[in-house]
$ cat upload_31.csv   # CSV, C-alpha atoms
chain,number,residue,atom,x,y,z
A,1,MET,CA,-39.2,33.5,-34.0
A,2,PRO,CA,-39.7,30.1,-32.3
A,3,ASN,CA,-40.9,27.3,-34.5
A,4,ASN,CA,-42.7,24.5,-32.7
A,5,LEU,CA,-41.6,21.7,-35.1
A,6,VAL,CA,-37.9,22.8,-34.9
A,7,ASP,CA,-38.0,23.2,-31.1
A,8,ARG,CA,-39.7,19.8,-30.7
A,9,LEU,CA,-37.1,18.1,-32.9
A,10,ILE,CA,-34.3,19.6,-30.8
A,11,GLU,CA,-36.2,18.5,-27.7
A,12,GLN,CA,-36.6,15.0,-29.2
A,13,ALA,CA,-32.9,14.8,-29.9
A,14,ASP,CA,-32.2,16.0,-26.4
A,15,GLN,CA,-34.6,13.5,-24.9
A,16,LEU,CA,-32.9,10.7,-26.8
A,17,ALA,CA,-29.6,12.0,-25.5
A,18,GLY,CA,-31.1,12.4,-22.0
A,19,THR,CA,-31.7,8.7,-21.8
A,20,TRP,CA,-28.0,8.0,-22.1
A,21,LYS,CA,-26.2,11.2,-21.2
A,22,ASP,CA,-25.6,10.1,-17.7
A,23,THR,CA,-25.3,6.4,-18.4
A,24,PRO,CA,-21.8,5.0,-18.7
A,25,GLY,CA,-20.9,3.1,-21.8
A,26,ARG,CA,-22.4,3.3,-25.3
A,27,PRO,CA,-26.1,4.1,-25.8
A,28,ARG,CA,-28.4,2.1,-28.1
A,29,GLU,CA,-27.3,2.5,-31.7
A,30,VAL,CA,-30.9,3.2,-32.8
A,31,ASP,CA,-31.1,6.2,-30.4
A,32,LEU,CA,-27.9,7.6,-31.7
A,33,ARG,CA,-29.1,7.4,-35.2
A,34,ARG,CA,-32.5,9.0,-34.5
A,35,ALA,CA,-30.9,11.8,-32.5
A,36,VAL,CA,-28.6,12.7,-35.5
A,37,SER,CA,-31.6,12.6,-37.8
A,38,ALA,CA,-33.7,14.8,-35.5
A,39,SER,CA,-30.9,17.3,-35.2
A,40,TYR,CA,-30.5,17.6,-38.9
A,41,TYR,CA,-34.2,18.0,-39.5
A,42,ALA,CA,-34.4,20.7,-36.9
A,43,LEU,CA,-31.9,22.8,-38.8
A,44,PHE,CA,-33.4,22.0,-42.2
A,45,HIS,CA,-36.9,23.1,-41.1
A,46,GLU,CA,-35.6,26.3,-39.5
A,47,VAL,CA,-33.9,27.2,-42.7
A,48,THR,CA,-37.1,26.7,-44.7
A,49,ASN,CA,-39.2,28.4,-42.1
A,50,LEU,CA,-37.1,31.5,-41.9
A,51,LEU,CA,-36.8,31.6,-45.7
A,52,ALA,CA,-40.6,31.5,-46.2
A,53,ARG,CA,-41.2,34.1,-43.5
A,54,TRP,CA,-38.6,36.4,-45.0
A,55,LEU,CA,-39.8,36.0,-48.6
A,56,ALA,CA,-43.5,36.4,-47.9
A,57,PRO,CA,-44.2,37.7,-44.4
A,58,ASN,CA,-47.8,38.5,-45.1
A,59,LEU,CA,-48.9,35.2,-46.5
A,60,LEU,CA,-51.2,33.0,-44.6
A,61,GLU,CA,-49.5,30.3,-42.6
A,62,ALA,CA,-50.8,27.6,-44.9
A,63,ASP,CA,-49.3,29.4,-47.9
A,64,GLN,CA,-46.0,29.9,-46.1
A,65,GLN,CA,-46.0,26.1,-45.4
A,66,ARG,CA,-46.4,25.4,-49.1
A,67,LEU,CA,-43.5,27.8,-49.9
A,68,ARG,CA,-41.3,25.9,-47.5
A,69,ARG,CA,-41.4,22.9,-49.7
A,70,HIS,CA,-39.5,24.8,-52.4
A,71,PRO,CA,-36.0,24.3,-51.1
A,72,SER,CA,-34.6,20.8,-51.5
A,73,HIS,CA,-32.1,19.1,-49.2
A,74,GLY,CA,-29.6,19.0,-52.1
A,75,GLY,CA,-30.4,22.6,-53.0
A,76,ILE,CA,-29.7,24.0,-49.6
A,77,LYS,CA,-26.5,21.9,-49.4
A,78,ARG,CA,-25.4,23.5,-52.7
A,79,VAL,CA,-26.0,27.0,-51.4
A,80,CYS,CA,-24.2,26.2,-48.1
A,81,GLY,CA,-21.3,24.9,-50.1
A,82,TRP,CA,-21.1,28.3,-51.9
A,83,VAL,CA,-21.1,30.1,-48.6
A,84,ILE,CA,-18.2,28.0,-47.4
A,85,ASN,CA,-16.4,28.4,-50.7
A,86,PRO,CA,-17.8,31.4,-52.7
A,87,GLY,CA,-15.3,30.7,-55.5
A,88,GLY,CA,-17.2,27.4,-56.1
A,89,ALA,CA,-20.4,29.1,-57.2
A,90,PRO,CA,-20.8,28.9,-60.9
A,91,ILE,CA,-19.7,31.9,-63.0
A,92,LYS,CA,-22.8,31.7,-65.1
A,93,LEU,CA,-24.8,32.7,-62.0
A,94,HIS,CA,-23.3,36.1,-61.9
A,95,PHE,CA,-25.0,37.1,-58.6
A,96,ALA,CA,-24.1,33.9,-56.8
A,97,ARG,CA,-20.5,34.5,-56.0
A,98,SER,CA,-21.0,38.0,-54.7
A,99,LEU,CA,-24.0,37.0,-52.6
A,100,ALA,CA,-22.1,34.0,-51.2
A,101,THR,CA,-19.1,36.2,-50.4
A,102,ILE,CA,-21.4,38.6,-48.5
A,103,ALA,CA,-23.1,35.8,-46.6
A,104,SER,CA,-19.8,34.2,-45.7
A,105,GLY,CA,-18.7,37.4,-44.0
A,106,HIS,CA,-21.2,36.7,-41.2
A,107,SER,CA,-19.5,34.2,-38.9
A,108,GLU,CA,-22.8,32.9,-37.6
A,109,ILE,CA,-24.1,32.3,-41.1
A,110,ALA,CA,-20.9,30.7,-42.2
A,111,ASN,CA,-21.2,28.4,-39.1
A,112,VAL,CA,-24.8,27.6,-40.0
A,113,ALA,CA,-23.6,26.6,-43.5
A,114,GLN,CA,-20.9,24.3,-42.4
A,115,VAL,CA,-23.1,22.7,-39.7
A,116,PHE,CA,-25.8,22.1,-42.2
A,117,LEU,CA,-23.3,20.3,-44.5
A,118,ASP,CA,-21.9,18.3,-41.7
A,119,LEU,CA,-25.2,17.3,-40.2
A,120,GLN,CA,-26.7,16.4,-43.6
A,121,GLN,CA,-23.7,14.0,-44.2
A,122,HIS,CA,-23.9,12.6,-40.7
A,123,ARG,CA,-27.7,12.1,-41.2
A,124,HIS,CA,-27.0,10.2,-44.4
A,125,GLU,CA,-24.6,8.0,-42.6
A,126,ALA,CA,-27.0,7.5,-39.6
A,127,ASP,CA,-30.0,6.7,-41.8
A,128,TYR,CA,-28.5,4.7,-44.7
A,129,ASP,CA,-25.0,3.5,-43.8
A,130,HIS,CA,-25.6,0.4,-41.6
A,131,LEU,CA,-21.8,0.0,-41.1
A,132,ALA,CA,-21.3,3.5,-39.9
A,133,VAL,CA,-20.1,3.6,-36.3
A,134,LEU,CA,-21.8,6.5,-34.4
A,135,THR,CA,-20.2,7.6,-31.2
A,136,LYS,CA,-21.9,9.2,-28.2
A,137,GLU,CA,-19.7,12.3,-28.0
A,138,ALA,CA,-20.0,13.0,-31.7
A,139,VAL,CA,-23.8,12.7,-31.6
A,140,LEU,CA,-24.0,15.0,-28.5
A,141,THR,CA,-22.0,17.5,-30.4
A,142,ASP,CA,-24.3,17.2,-33.4
A,143,ILE,CA,-27.2,18.0,-31.2
A,144,ALA,CA,-25.5,21.0,-29.7
A,145,ASP,CA,-24.4,22.1,-33.2
A,146,ALA,CA,-27.9,22.1,-34.5
A,147,GLU,CA,-29.3,24.0,-31.5
A,148,ARG,CA,-26.6,26.6,-31.8
A,149,ALA,CA,-27.0,26.9,-35.6
A,150,VAL,CA,-30.8,27.4,-35.2
A,151,ALA,CA,-30.1,30.2,-32.7
A,152,ASP,CA,-27.4,31.7,-35.0
A,153,LEU,CA,-29.8,31.8,-37.9
A,154,ARG,CA,-32.5,33.5,-35.8
A,155,THR,CA,-30.1,36.1,-34.6
A,156,SER,CA,-28.8,36.8,-38.1
A,157,LEU,CA,-32.3,37.8,-39.2
A,158,GLY,CA,-32.4,41.4,-40.5
A,159,THR,CA,-28.7,41.5,-41.5
A,160,ARG,CA,-27.5,42.0,-45.1
A,161,GLU,CA,-25.6,38.8,-44.8
A,162,PHE,CA,-28.9,36.9,-44.0
A,163,GLU,CA,-30.5,38.6,-47.0
A,164,ALA,CA,-27.7,37.4,-49.2
A,165,PHE,CA,-28.0,33.9,-47.8
A,166,ALA,CA,-31.8,33.9,-48.1
A,167,THR,CA,-31.7,35.3,-51.7
A,168,LEU,CA,-29.4,32.5,-52.7
A,169,LEU,CA,-31.7,30.0,-51.1
A,170,ALA,CA,-34.8,31.5,-52.8
A,171,LEU,CA,-33.2,31.4,-56.2
A,172,CYS,CA,-30.9,28.4,-56.2
A,173,SER,CA,-32.1,25.8,-53.7
A,174,SER,CA,-34.7,23.9,-55.7
A,175,GLY,CA,-33.9,20.6,-57.3
A,176,ARG,CA,-30.9,18.4,-56.7
A,177,GLY,CA,-27.7,19.7,-55.3
A,178,ASP,CA,-25.3,18.4,-57.9
A,179,GLN,CA,-25.7,21.0,-60.7
B,180,MET,CA,-6.3,3.9,-60.4
B,181,ALA,CA,-7.2,7.1,-58.6
B,182,ASN,CA,-7.9,10.0,-60.9
B,183,ALA,CA,-6.1,13.3,-60.8
B,184,HIS,CA,-9.0,15.1,-59.2
B,185,VAL,CA,-9.2,12.7,-56.3
B,186,ILE,CA,-5.5,12.9,-55.7
B,187,ASP,CA,-5.8,16.7,-55.7
B,188,LEU,CA,-8.5,16.5,-53.1
B,189,GLU,CA,-6.6,14.1,-51.0
B,190,ASN,CA,-3.6,16.5,-51.1
B,191,ALA,CA,-5.8,19.4,-50.2
B,192,GLY,CA,-7.4,17.5,-47.4
B,193,ARG,CA,-4.0,16.6,-46.0
B,194,THR,CA,-2.9,20.2,-46.2
B,195,ILE,CA,-5.9,21.3,-44.2
B,196,LEU,CA,-5.4,18.5,-41.7
B,197,ALA,CA,-1.8,19.4,-41.2
B,198,SER,CA,-2.8,23.0,-40.4
B,199,LEU,CA,-5.2,21.8,-37.8
B,200,LEU,CA,-3.1,19.1,-36.1
B,201,GLY,CA,-1.9,20.0,-32.6
B,202,ARG,CA,-3.9,23.2,-32.4
B,203,GLN,CA,-5.9,24.0,-29.3
B,204,PHE,CA,-9.4,25.5,-29.4
B,205,GLY,CA,-10.4,26.4,-25.9
B,206,SER,CA,-10.1,23.1,-23.9
B,207,THR,CA,-10.2,21.0,-27.0
B,208,ARG,CA,-7.1,19.9,-28.9
B,209,VAL,CA,-6.8,18.3,-32.4
B,210,MET,CA,-4.8,15.1,-31.6
B,211,ASP,CA,-4.9,13.3,-34.9
B,212,GLY,CA,-7.0,13.0,-38.0
B,213,GLU,CA,-7.7,11.2,-41.2
B,214,VAL,CA,-8.7,12.4,-44.7
B,215,GLU,CA,-11.1,10.5,-46.8
B,216,VAL,CA,-12.1,11.3,-50.4
B,217,GLY,CA,-15.1,9.6,-51.8
B,218,PRO,CA,-18.8,9.9,-52.7
B,219,ASP,CA,-20.9,11.6,-50.1
B,220,GLY,CA,-24.6,11.0,-49.4
B,221,ASP,CA,-25.5,12.5,-52.8
B,222,ASP,CA,-22.7,10.6,-54.6
B,223,GLN,CA,-20.7,13.8,-55.0
B,224,ILE,CA,-17.0,13.4,-54.6
B,225,ALA,CA,-16.2,15.1,-51.3
B,226,ILE,CA,-13.5,15.4,-48.6
B,227,VAL,CA,-14.3,14.1,-45.1
B,228,LEU,CA,-11.9,15.2,-42.4
B,229,ARG,CA,-12.3,12.9,-39.4
B,230,LEU,CA,-10.6,14.7,-36.5
B,231,LEU,CA,-9.6,12.9,-33.3
B,232,LEU,CA,-10.1,15.5,-30.6
B,233,SER,CA,-9.0,15.4,-26.9
B,234,ASP,CA,-11.6,13.7,-24.7
B,235,PRO,CA,-14.3,16.2,-23.6
B,236,THR,CA,-14.6,16.7,-19.9
B,237,GLY,CA,-17.7,15.2,-18.4
B,238,ASP,CA,-20.2,13.1,-20.3
B,239,GLY,CA,-21.3,15.6,-22.9
B,240,GLY,CA,-19.8,16.5,-26.3
B,241,TRP,CA,-17.1,19.1,-26.8
B,242,PRO,CA,-17.9,22.7,-25.7
B,243,ASN,CA,-19.9,24.5,-28.4
B,244,ASP,CA,-17.5,27.5,-28.5
B,245,ASP,CA,-14.5,25.1,-29.0
B,246,VAL,CA,-16.2,23.4,-31.9
B,247,ARG,CA,-17.2,26.7,-33.4
B,248,ALA,CA,-13.7,28.1,-33.1
B,249,LEU,CA,-12.4,24.9,-34.8
B,250,ARG,CA,-14.8,25.3,-37.6
B,251,ASP,CA,-13.9,29.0,-38.1
B,252,ALA,CA,-10.2,28.0,-38.3
B,253,TYR,CA,-11.0,25.2,-40.7
B,254,ARG,CA,-13.0,27.5,-43.0
B,255,ARG,CA,-10.2,30.0,-43.1
B,256,ILE,CA,-7.7,27.3,-44.0
B,257,ARG,CA,-10.1,25.9,-46.6
B,258,LEU,CA,-10.3,29.2,-48.3
B,259,GLU,CA,-6.5,29.5,-48.4
B,260,VAL,CA,-6.1,26.0,-49.8
B,261,ASP,CA,-8.8,26.8,-52.4
B,262,VAL,CA,-10.5,23.4,-52.4
B,263,ASP,CA,-12.7,22.7,-55.3
B,264,ALA,CA,-15.1,20.3,-53.6
B,265,ILE,CA,-17.5,20.1,-50.8
B,266,SER,CA,-16.0,19.0,-47.5
B,267,TYR,CA,-17.2,17.8,-44.1
B,268,LEU,CA,-15.9,17.6,-40.6
B,269,ALA,CA,-16.5,14.7,-38.3
B,270,PHE,CA,-15.2,14.4,-34.7
B,271,GLU,CA,-14.3,11.6,-32.4
B,272,SER,CA,-12.5,11.2,-29.2
B,273,GLN,CA,-10.1,8.5,-28.1
B,274,ARG,CA,-12.6,7.5,-25.4
B,275,ASP,CA,-15.4,7.1,-27.9
B,276,ARG,CA,-13.1,5.3,-30.4
B,277,ASP,CA,-12.1,2.8,-27.7
B,278,GLU,CA,-15.7,2.2,-26.7
B,279,ALA,CA,-16.8,1.7,-30.3
B,280,ALA,CA,-13.9,-0.7,-30.8
B,281,GLY,CA,-15.1,-2.6,-27.7
B,282,ASP,CA,-18.5,-2.9,-29.2
B,283,LEU,CA,-17.3,-4.2,-32.5
B,284,ALA,CA,-15.2,-6.8,-30.7
B,285,GLY,CA,-18.4,-8.2,-29.2
B,286,PRO,CA,-18.9,-9.7,-25.7
B,287,ASP,CA,-16.0,-11.3,-23.8
B,288,PRO,CA,-16.3,-15.1,-24.6
B,289,ALA,CA,-14.9,-15.9,-21.2
B,290,ARG,CA,-17.9,-14.5,-19.5
$ encode --input "upload_31.csv" --output "structure tokens"
Amino acid sequence: MPNNLVDRLIEQADQLAGTWKDTPGRPREVDLRRAVSASYYALFHEVTNLLARWLAPNLLEADQQRLRRHPSHGGIKRVCGWVINPGGAPIKLHFARSLATIASGHSEIANVAQVFLDLQQHRHEADYDHLAVLTKEAVLTDIADAERAVADLRTSLGTREFEAFATLLALCSSGRGDQ
Amino acid sequence: MANAHVIDLENAGRTILASLLGRQFGSTRVMDGEVEVGPDGDDQIAIVLRLLLSDPTGDGGWPNDDVRALRDAYRRIRLEVDVDAISYLAFESQRDRDEAAGDLAGPDPAR
């Protein structure tokens, strides 16, 4: 289901890209950094949006919005890390490894997980590392990655692999990602 | 002195990189790469694979299907190597690297 905020963030990243896509040489550094950030947030918001709708489809929109605040950036990162490497899920969470293994079997969800990790790290560099050198082609790829990952996530709705991914997010994505 | 965990991660990263070097994904080739091990944005020790890819055709980034196939291959290799850390992929092209180097060098003083 389309999400206005998500689609607008992708649109914003595209517009930033559009100002220098056809311009030779390097674009303005600030535009590159904002485009990376918008790309990451588009995917972040789509993850929380689909999770809330899957968990509580009959809640009012306002209640779903509150539910969307449950997953943290670090928490989603942690779950995505498990999808990429199910063996890394803690043994004490007996369900986590099996759910991560199921989710990782869906190539689109596995792609979403890796793109989420990559974009989050790129966004940290773009927003906080003033020495980071951002390149035009890499940023254009980040935007395309985010757009594709949002589409992948939407098409995976209704599959058992999405249910496994969403269950992990619902149970394990609050708090920091370093536990 | 680097601790044993960091050395293990560097070795794992180099193994993954070696498996990707020279491979072709659609029109995109992995030309070279670097492995970095250090704190990520959350101060967790992580592996960053910075891959130098062949220049994309046109002014855009690399084709989405190529990048996706590369990530699929990377994930499979990662599982075989059994890496006990989070890891990230970052891409650059020779063209982009040259332009960035030109920016860092600053304007030509002769002008």
$ closest_residue --input "upload_31.csv" --among "A:Asn85, A:Thr167, A:Gln114, A:Asn49" --to "Ala62 in chain A" --atoms "only C-alpha atoms"
A:Asn49
$ residues_near_point --input "upload_31.csv" --point "(-16.6, 12.4, -53.3)" --cutoff "12 Å" --atoms "only C-alpha atoms" --output "list in words"
Gln121 and Asp178 of chain A; Asn182, His184, Val185, Ile186, Asp187, Leu188, Glu189, Val214, Glu215, Val216, Gly217, Pro218, Asp219, Gly220, Asp221, Asp222, Gln223, Ile224, Ala225, Ile226, Val227, Asp263, Ala264, Ile265, Ser266 and Tyr267 of chain B
$ closest_atom_pairs --input "upload_31.csv" --of "chain B" --to "chain A" --cutoff "9 Å" --atoms "all atoms listed in the file" --output "tab-separated table"
residue	atom	partner	partner_atom	distance
B:Asp219	CA	A:Gln121	CA	7.0
B:Gly220	CA	A:His124	CA	5.6
B:Asp221	CA	A:Gly74	CA	7.7
B:Asp222	CA	A:Asp178	CA	8.9
B:Gln223	CA	A:Asp178	CA	7.1
B:Asp234	CA	A:Glu137	CA	8.9
B:Pro235	CA	A:Glu137	CA	8.0
B:Asp238	CA	A:Lys21	CA	6.4
B:Gly239	CA	A:Leu140	CA	6.2
B:Gly240	CA	A:Glu137	CA	4.5
B:Trp241	CA	A:Thr141	CA	6.3
B:Pro242	CA	A:Thr141	CA	8.1
B:Asn243	CA	A:Ala144	CA	6.7
B:Val246	CA	A:Asp145	CA	8.4
B:Arg247	CA	A:Asn111	CA	7.2
B:Arg250	CA	A:Asn111	CA	7.3
B:Asp251	CA	A:Asn111	CA	7.4
B:Arg254	CA	A:Ile84	CA	6.8
B:Arg257	CA	A:Asn85	CA	7.9
B:Leu258	CA	A:Asn85	CA	6.6
B:Asp261	CA	A:Asn85	CA	8.0
B:Val262	CA	A:Asn85	CA	7.9
B:Asp263	CA	A:Gly88	CA	6.6
B:Ala264	CA	A:Gly88	CA	7.8
B:Ile265	CA	A:Gly81	CA	6.2
B:Ser266	CA	A:Leu117	CA	8.0
B:Tyr267	CA	A:Asp118	CA	5.3
B:Leu268	CA	A:Asp118	CA	6.1
B:Ala269	CA	A:Asp118	CA	7.3
B:Phe270	CA	A:Ala138	CA	5.8
B:Glu271	CA	A:Ala138	CA	5.9
B:Ser272	CA	A:Glu137	CA	7.4
B:Arg274	CA	A:Glu137	CA	9.0
B:Asp275	CA	A:Thr135	CA	5.8
B:Arg276	CA	A:Thr135	CA	7.5
B:Glu278	CA	A:Arg26	CA	6.9
B:Ala279	CA	A:Thr135	CA	6.9
B:Asp282	CA	A:Arg26	CA	8.3
$ residues_near_point --input "upload_31.csv" --point "(-46.5, 28.8, -48.4)" --cutoff "12 Å" --atoms "all atoms listed in the file" --output "mmCIF file with C-alpha atoms, in the coordinates of the input"
data_model
loop_
_atom_site.group_PDB
_atom_site.id
_atom_site.type_symbol
_atom_site.label_atom_id
_atom_site.label_comp_id
_atom_site.auth_asym_id
_atom_site.auth_seq_id
_atom_site.Cartn_x
_atom_site.Cartn_y
_atom_site.Cartn_z
ATOM 1 C CA THR A 48 -37.100 26.700 -44.700
ATOM 2 C CA ASN A 49 -39.200 28.400 -42.100
ATOM 3 C CA LEU A 50 -37.100 31.500 -41.900
ATOM 4 C CA LEU A 51 -36.800 31.600 -45.700
ATOM 5 C CA ALA A 52 -40.600 31.500 -46.200
ATOM 6 C CA ARG A 53 -41.200 34.100 -43.500
ATOM 7 C CA TRP A 54 -38.600 36.400 -45.000
ATOM 8 C CA LEU A 55 -39.800 36.000 -48.600
ATOM 9 C CA ALA A 56 -43.500 36.400 -47.900
ATOM 10 C CA PRO A 57 -44.200 37.700 -44.400
ATOM 11 C CA ASN A 58 -47.800 38.500 -45.100
ATOM 12 C CA LEU A 59 -48.900 35.200 -46.500
ATOM 13 C CA LEU A 60 -51.200 33.000 -44.600
ATOM 14 C CA GLU A 61 -49.500 30.300 -42.600
ATOM 15 C CA ALA A 62 -50.800 27.600 -44.900
ATOM 16 C CA ASP A 63 -49.300 29.400 -47.900
ATOM 17 C CA GLN A 64 -46.000 29.900 -46.100
ATOM 18 C CA GLN A 65 -46.000 26.100 -45.400
ATOM 19 C CA ARG A 66 -46.400 25.400 -49.100
ATOM 20 C CA LEU A 67 -43.500 27.800 -49.900
ATOM 21 C CA ARG A 68 -41.300 25.900 -47.500
ATOM 22 C CA ARG A 69 -41.400 22.900 -49.700
ATOM 23 C CA HIS A 70 -39.500 24.800 -52.400
ATOM 24 C CA PRO A 71 -36.000 24.300 -51.100
#
$ residues_around --input "upload_31.csv" --residues "Ala164 in chain A" --least-positions-apart "5" --cutoff "12 Å" --atoms "all atoms listed in the file" --output "VMD selection string"
chain A and resid 51 54 79 to 80 82 to 83 95 to 106 109 to 110 156 to 159 169 to 172
$ atom_distance --input "upload_31.csv" --atom1 "CA of Asp277 in chain B" --atom2 "CA of Ile10 in chain A"
28.0 Å
$ atom_distance --input "upload_31.csv" --atom1 "CA of Leu93 in chain A" --atom2 "CA of Glu163 in chain A"
17.1 Å
$ atom_distance --input "upload_31.csv" --atom1 "CA of Leu228 in chain B" --atom2 "CA of Glu213 in chain B"
5.9 Å
$ residues_around --input "upload_31.csv" --residues "Phe204 in chain B" --least-positions-apart "3" --cutoff "9 Å" --atoms "all atoms listed in the file" --output "PDB file with C-alpha atoms, in the frame of the given file"
ATOM      1  CA  THR B 207     -10.200  21.000 -27.000  1.00  0.00           C
ATOM      2  CA  ARG B 208      -7.100  19.900 -28.900  1.00  0.00           C
ATOM      3  CA  VAL B 209      -6.800  18.300 -32.400  1.00  0.00           C
ATOM      4  CA  ASP B 244     -17.500  27.500 -28.500  1.00  0.00           C
ATOM      5  CA  ASP B 245     -14.500  25.100 -29.000  1.00  0.00           C
ATOM      6  CA  VAL B 246     -16.200  23.400 -31.900  1.00  0.00           C
ATOM      7  CA  ARG B 247     -17.200  26.700 -33.400  1.00  0.00           C
ATOM      8  CA  ALA B 248     -13.700  28.100 -33.100  1.00  0.00           C
ATOM      9  CA  LEU B 249     -12.400  24.900 -34.800  1.00  0.00           C
TER      10      LEU B 249
END
$ closest_residue --input "upload_31.csv" --among "A:Ile91, A:Val150, A:Val112, A:Val30" --to "Asp7 in chain A" --atoms "all atoms listed in the file"
A:Val150
